[in-house]
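The next block holds one structure in the form of structure tokens; read it before the comments.
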Amino acid sequence: MKIRASKLKSSDIPSSAISRRRFLSGAAMASTAFMVVPSHVLGLDGFKPPSEKLNIAGIGIGGQGANDLEALSSENIVALCDVDSAYAAGTFKKYPNAKVYKDYRKMLEEQKDIDAVVVATPDHLHACVSMAAIKLGKHVYCEKPLTHTVWEARQIAQAAREHKVATQMGNQGQASEDTRLLCETIWDNAIGPVREVHVWTDRPSNGLVNEYWPQGVERPKNSPPVPPTLEWDLWLGPAPERPYHPAYLPFKWRGWWDFGTGALGDIGCHALDPVFRALKLGHPTSVQASSTRVNSETYPLASMVTYQFPARGDMVPMKLVWYDGGLRPPRPEELEEDKEMGANGHLFIGDKGKILTLRTEKRRGYVLI
């Protein structure tokens with residue numbers, strides 16, 4: 001619709017053309033006979049007009065949530081919520097016009113202009129935070145894993161359908177060219193029918209390099225004071241009550257049963273998604289797992305999980321094996337001596353060849369070996 005520099009009444013504009021935050025509101029035009037509007041406000045020259053921007057709220061914005069908001073910085077970041085004001089300080093500073101909260105429930109109750117939320121809290125809070133937003137009609141982008149349990153995932157999916165909101169789970173890397181090329185290579189039968197796939201990760205911490213989080217440990221015995229910048233009760237949320245300890249946060253919560261989902265829950269969605277897409281996998285017929293000693297507090301030091309899948313269309317039955325904690329599959333004979341399998345990777349075994357994830361300083365992706 002073209003807007004000319006002449007008298008224009010709000011009644012001349014179809015109601016369907018007016019958004020609730022439209023810059024050129026009917027009331028404003030009814031009282032103004034002549035208006036000069038910059039081209040970027042009208043969405044010309046590649047700019048997005050203010051009326052087309054979403055009002056975004058971030059919940060859990062000290063870590064990955066900060067990166068998620070950066071990708072959405074072209075929108076209106078109107079609210080920020082985090083229970084740890086010290087950990088989230090950098091994000092608060094970056095969006096000075098956003099209202100700041102500690103409790104997501106208070107934010108959702110008080111701030112009515114929010115269109116969508118980004119949820120990047122620890123895993124145990126994903127479901128309750130997402131559900132609260134969905135029930136209020138807010139669109140949701142939730143970091144992986146979508147929820148802490150399978151039951152929670154099913155409830156979230158049902159609520160999203162009922163409330164007709166747009167939802168998405170963060171699963172970085174799956175829109176990459178590497179994943180598309182992997183699918184095309186396998187679908188083109190380059191290595192023949194694939195009967196085995198092995199996927200491994202170096203998470204969690206191996207005890208030598210404390211790069212990730214620990215697992216296979218017991219609950220701390222001491223109870224240091226809660227930092228003044230942290231709302232510990234809000235951080236616990238629906239998890240069973242326990243005293244604060246720096247062994248749980250930030251980030252180290254991933255290894256604890258009450259808060260995280262371990263190495264498989266953290267990396268599995270990234271590493272297994274290309275396998276499921278390329279091999280068109282559905283539900284497995286069986287799952288068998290083994291691990292180091294399991295305790296009631298944290299996930300095991302290392303585990304290996306074997307999934308068996310039935311035939312799918314013209315694809316043969318296959319076995320998928322997951323390894324974590326530094327475990328790996330046998331080194332393929334075809335791999336040159338000067339090449340490393342890498343700390344994280346995939347190995348696809350077909351009747352006519354193999355595909356390996358190769359990561360070097362100059363190359364990252366899937367290669368035929």
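Note on naming: chains are A, B, ... as they come in the structure tokens, residues start from 1 per chain, ligands start from 1 in the order shown.
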
Please report, as CSV, each residue of range 168-228 of chain A lying at most 9 Å from range 135-156 of chain A, together with the nearest pair of atoms and the separation in Å rounded to one decimal; use only C-alpha atoms, and order rows by chain and ascending residue number.
residue,atom,partner,partner_atom,distance
A:Gln168,CA,A:Tyr141,CA,4.8
A:Met169,CA,A:Cys142,CA,4.9
A:Gly170,CA,A:Glu143,CA,4.5
A:Asn171,CA,A:Lys144,CA,6.2

Exercise for review: Please provide the set of residues having any atom within 12 Å of Val294 in chain A, restricted to only C-alpha atoms, with same-chain residues fewer than 6 positions apart removed, written as a ChimeraX atom specification.
Suggested key: /A:215-218,255-257,300-303

Expected file: the selected residues, C-alpha atoms, as an mmCIF file, in the first residue's frame:
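Output saved as out07.cif:
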data_model
loop_
_atom_site.group_PDB
_atom_site.id
_atom_site.type_symbol
_atom_site.label_atom_id
_atom_site.label_comp_id
_atom_site.auth_asym_id
_atom_site.auth_seq_id
_atom_site.Cartn_x
_atom_site.Cartn_y
_atom_site.Cartn_z
ATOM 1 C CA GLN A 215 30.476 -35.999 36.586
ATOM 2 C CA GLY A 216 30.752 -39.074 38.746
ATOM 3 C CA VAL A 217 31.074 -36.938 41.896
ATOM 4 C CA GLU A 218 29.065 -36.781 45.107
ATOM 5 C CA GLY A 255 26.517 -32.946 35.301
ATOM 6 C CA TRP A 256 23.946 -33.088 38.148
ATOM 7 C CA TRP A 257 20.819 -35.248 37.833
ATOM 8 C CA PRO A 300 28.570 -41.252 35.237
ATOM 9 C CA LEU A 301 32.113 -40.404 34.192
ATOM 10 C CA ALA A 302 31.649 -42.143 30.843
ATOM 11 C CA SER A 303 28.959 -44.108 29.018
#

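Separating CA of Asp351 in chain A from CA of Ile191 in chain A is a distance of 6.3 Å.
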
Point to revise | Which of range 272-322 of chain A DSSP labels strand (DSSP E or B), written as a PyMOL selection string | key: chain A and resi 286-291+298+303-309+312+315+318-322

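Residues surrounding Glu70 in chain A within 10 Å are Gln64, Ile77, Thr91 and Lys94 of chain A [only C-alpha atoms; sequence separation below 6 positions excluded].
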
Point to revise | Point-to-point distance from CA of Glu196 in chain A to CA of Lys319 in chain A, Å rounded to tenths | key: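 Computing the Euclidean distance for CA of Glu196 in chain A and CA of Lys319 in chain A yields 4.8 Å.
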
Point to revise | Secondary structure check, helix (DSSP H, G or I) residues of range 98-337 of chain A, as a PyMOL selection string | key: chain A and resi 104-110+123-135+150-163+177-187+232-236+252-255+262-279

Check your understanding: So which one's closest to Gly237 in chain A, A:Ala289, A:Ala278, A:Leu272, A:Ala127? Using only C-alpha atoms, please.
Key ->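 Among the listed residues, the smallest separation from Gly237 in chain A belongs to A:Ala127.
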
Review point. Quick one, how far is CA of Arg331 in chain A from CA of Thr201 in chain A?
Key: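 Those two atoms sit 14.8 Å apart.
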
Exercise for review: Please provide as a ChimeraX atom specification all residues within 9 Å of Gly326 in chain A, with the sequence filter that same-chain residues fewer than 4 positions apart are discarded (counting only C-alpha atoms).
Suggested key: /A:200-206,302,343-344

File dump, residues just selected, N, CA, C and O atoms, as a compact mmCIF listing (two decimals), in the first residue's frame:
# COMPACT_ATOMS: atom_id res chain seq x y z
N TRP A 200 30.85 -39.69 19.02
CA TRP A 200 31.53 -39.55 20.30
C TRP A 200 31.78 -38.09 20.66
O TRP A 200 31.83 -37.22 19.80
N THR A 201 31.94 -37.85 21.96
CA THR A 201 32.24 -36.51 22.48
C THR A 201 33.24 -36.63 23.62
O THR A 201 33.30 -37.67 24.30
N ASP A 202 33.99 -35.57 23.84
CA ASP A 202 34.94 -35.55 24.95
C ASP A 202 34.31 -35.06 26.25
O ASP A 202 34.95 -35.06 27.29
N ARG A 203 33.05 -34.64 26.22
CA ARG A 203 32.38 -34.23 27.45
C ARG A 203 31.99 -35.46 28.25
O ARG A 203 31.71 -36.49 27.66
N PRO A 204 31.97 -35.39 29.58
CA PRO A 204 32.28 -34.24 30.44
C PRO A 204 33.78 -34.09 30.64
O PRO A 204 34.57 -34.68 29.90
N SER A 205 34.17 -33.34 31.69
CA SER A 205 35.58 -33.16 32.01
C SER A 205 36.24 -34.51 32.26
O SER A 205 35.65 -35.39 32.89
N ASN A 206 37.45 -34.68 31.73
CA ASN A 206 38.17 -35.94 31.94
C ASN A 206 39.03 -35.94 33.19
O ASN A 206 39.77 -36.89 33.44
N ALA A 302 31.66 -41.80 32.26
CA ALA A 302 31.65 -42.14 30.84
C ALA A 302 30.55 -43.15 30.59
O ALA A 302 30.17 -43.93 31.47
N ALA A 343 38.53 -35.29 19.17
CA ALA A 343 37.89 -35.50 20.46
C ALA A 343 36.38 -35.64 20.33
O ALA A 343 35.72 -36.20 21.21
N ASN A 344 35.81 -35.10 19.26
CA ASN A 344 34.37 -35.19 18.98
C ASN A 344 34.21 -35.58 17.52
O ASN A 344 34.93 -35.05 16.66

Write out as a PDB file with N, CA and C atoms, in the first residue's frame each polymer residue whose atoms come within 9 Å of Pro193 in chain A, counting only C-alpha atoms; drop sequence neighbours fewer than 2 positions from it.
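File result_29.pdb, as written:
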ATOM      1  N   ILE A 186      25.062 -39.358   1.481  1.00  0.00           N
ATOM      2  CA  ILE A 186      24.469 -40.645   1.868  1.00  0.00           C
ATOM      3  C   ILE A 186      23.286 -40.979   0.978  1.00  0.00           C
ATOM      4  N   ASN A 189      24.071 -42.575  -2.222  1.00  0.00           N
ATOM      5  CA  ASN A 189      24.613 -43.936  -2.108  1.00  0.00           C
ATOM      6  C   ASN A 189      26.131 -43.977  -2.307  1.00  0.00           C
ATOM      7  N   ALA A 190      26.811 -42.882  -1.927  1.00  0.00           N
ATOM      8  CA  ALA A 190      28.257 -42.807  -2.142  1.00  0.00           C
ATOM      9  C   ALA A 190      29.021 -43.863  -1.352  1.00  0.00           C
ATOM     10  N   ILE A 191      28.538 -44.234  -0.163  1.00  0.00           N
ATOM     11  CA  ILE A 191      29.215 -45.277   0.616  1.00  0.00           C
ATOM     12  C   ILE A 191      28.344 -46.526   0.753  1.00  0.00           C
ATOM     13  N   ARG A 195      25.153 -49.250   7.683  1.00  0.00           N
ATOM     14  CA  ARG A 195      24.719 -50.221   8.688  1.00  0.00           C
ATOM     15  C   ARG A 195      25.161 -49.858  10.099  1.00  0.00           C
ATOM     16  N   MET A 315      16.223 -47.931   3.078  1.00  0.00           N
ATOM     17  CA  MET A 315      17.390 -47.950   3.946  1.00  0.00           C
ATOM     18  C   MET A 315      17.372 -49.170   4.858  1.00  0.00           C
ATOM     19  N   VAL A 316      18.540 -49.781   5.037  1.00  0.00           N
ATOM     20  CA  VAL A 316      18.647 -51.037   5.782  1.00  0.00           C
ATOM     21  C   VAL A 316      18.622 -50.781   7.287  1.00  0.00           C
ATOM     22  N   ILE A 349      29.578 -45.964   8.626  1.00  0.00           N
ATOM     23  CA  ILE A 349      30.140 -47.166   7.997  1.00  0.00           C
ATOM     24  C   ILE A 349      29.123 -47.738   7.016  1.00  0.00           C
ATOM     25  N   GLY A 350      29.445 -47.659   5.742  1.00  0.00           N
ATOM     26  CA  GLY A 350      28.590 -48.198   4.699  1.00  0.00           C
ATOM     27  C   GLY A 350      29.215 -49.419   4.047  1.00  0.00           C
ATOM     28  N   ASP A 351      28.475 -50.081   3.194  1.00  0.00           N
ATOM     29  CA  ASP A 351      28.984 -51.275   2.512  1.00  0.00           C
ATOM     30  C   ASP A 351      30.094 -50.942   1.528  1.00  0.00           C
ATOM     31  N   LYS A 352      30.134 -49.713   1.027  1.00  0.00           N
ATOM     32  CA  LYS A 352      31.133 -49.350   0.014  1.00  0.00           C
ATOM     33  C   LYS A 352      32.156 -48.328   0.491  1.00  0.00           C
TER      34      LYS A 352
END
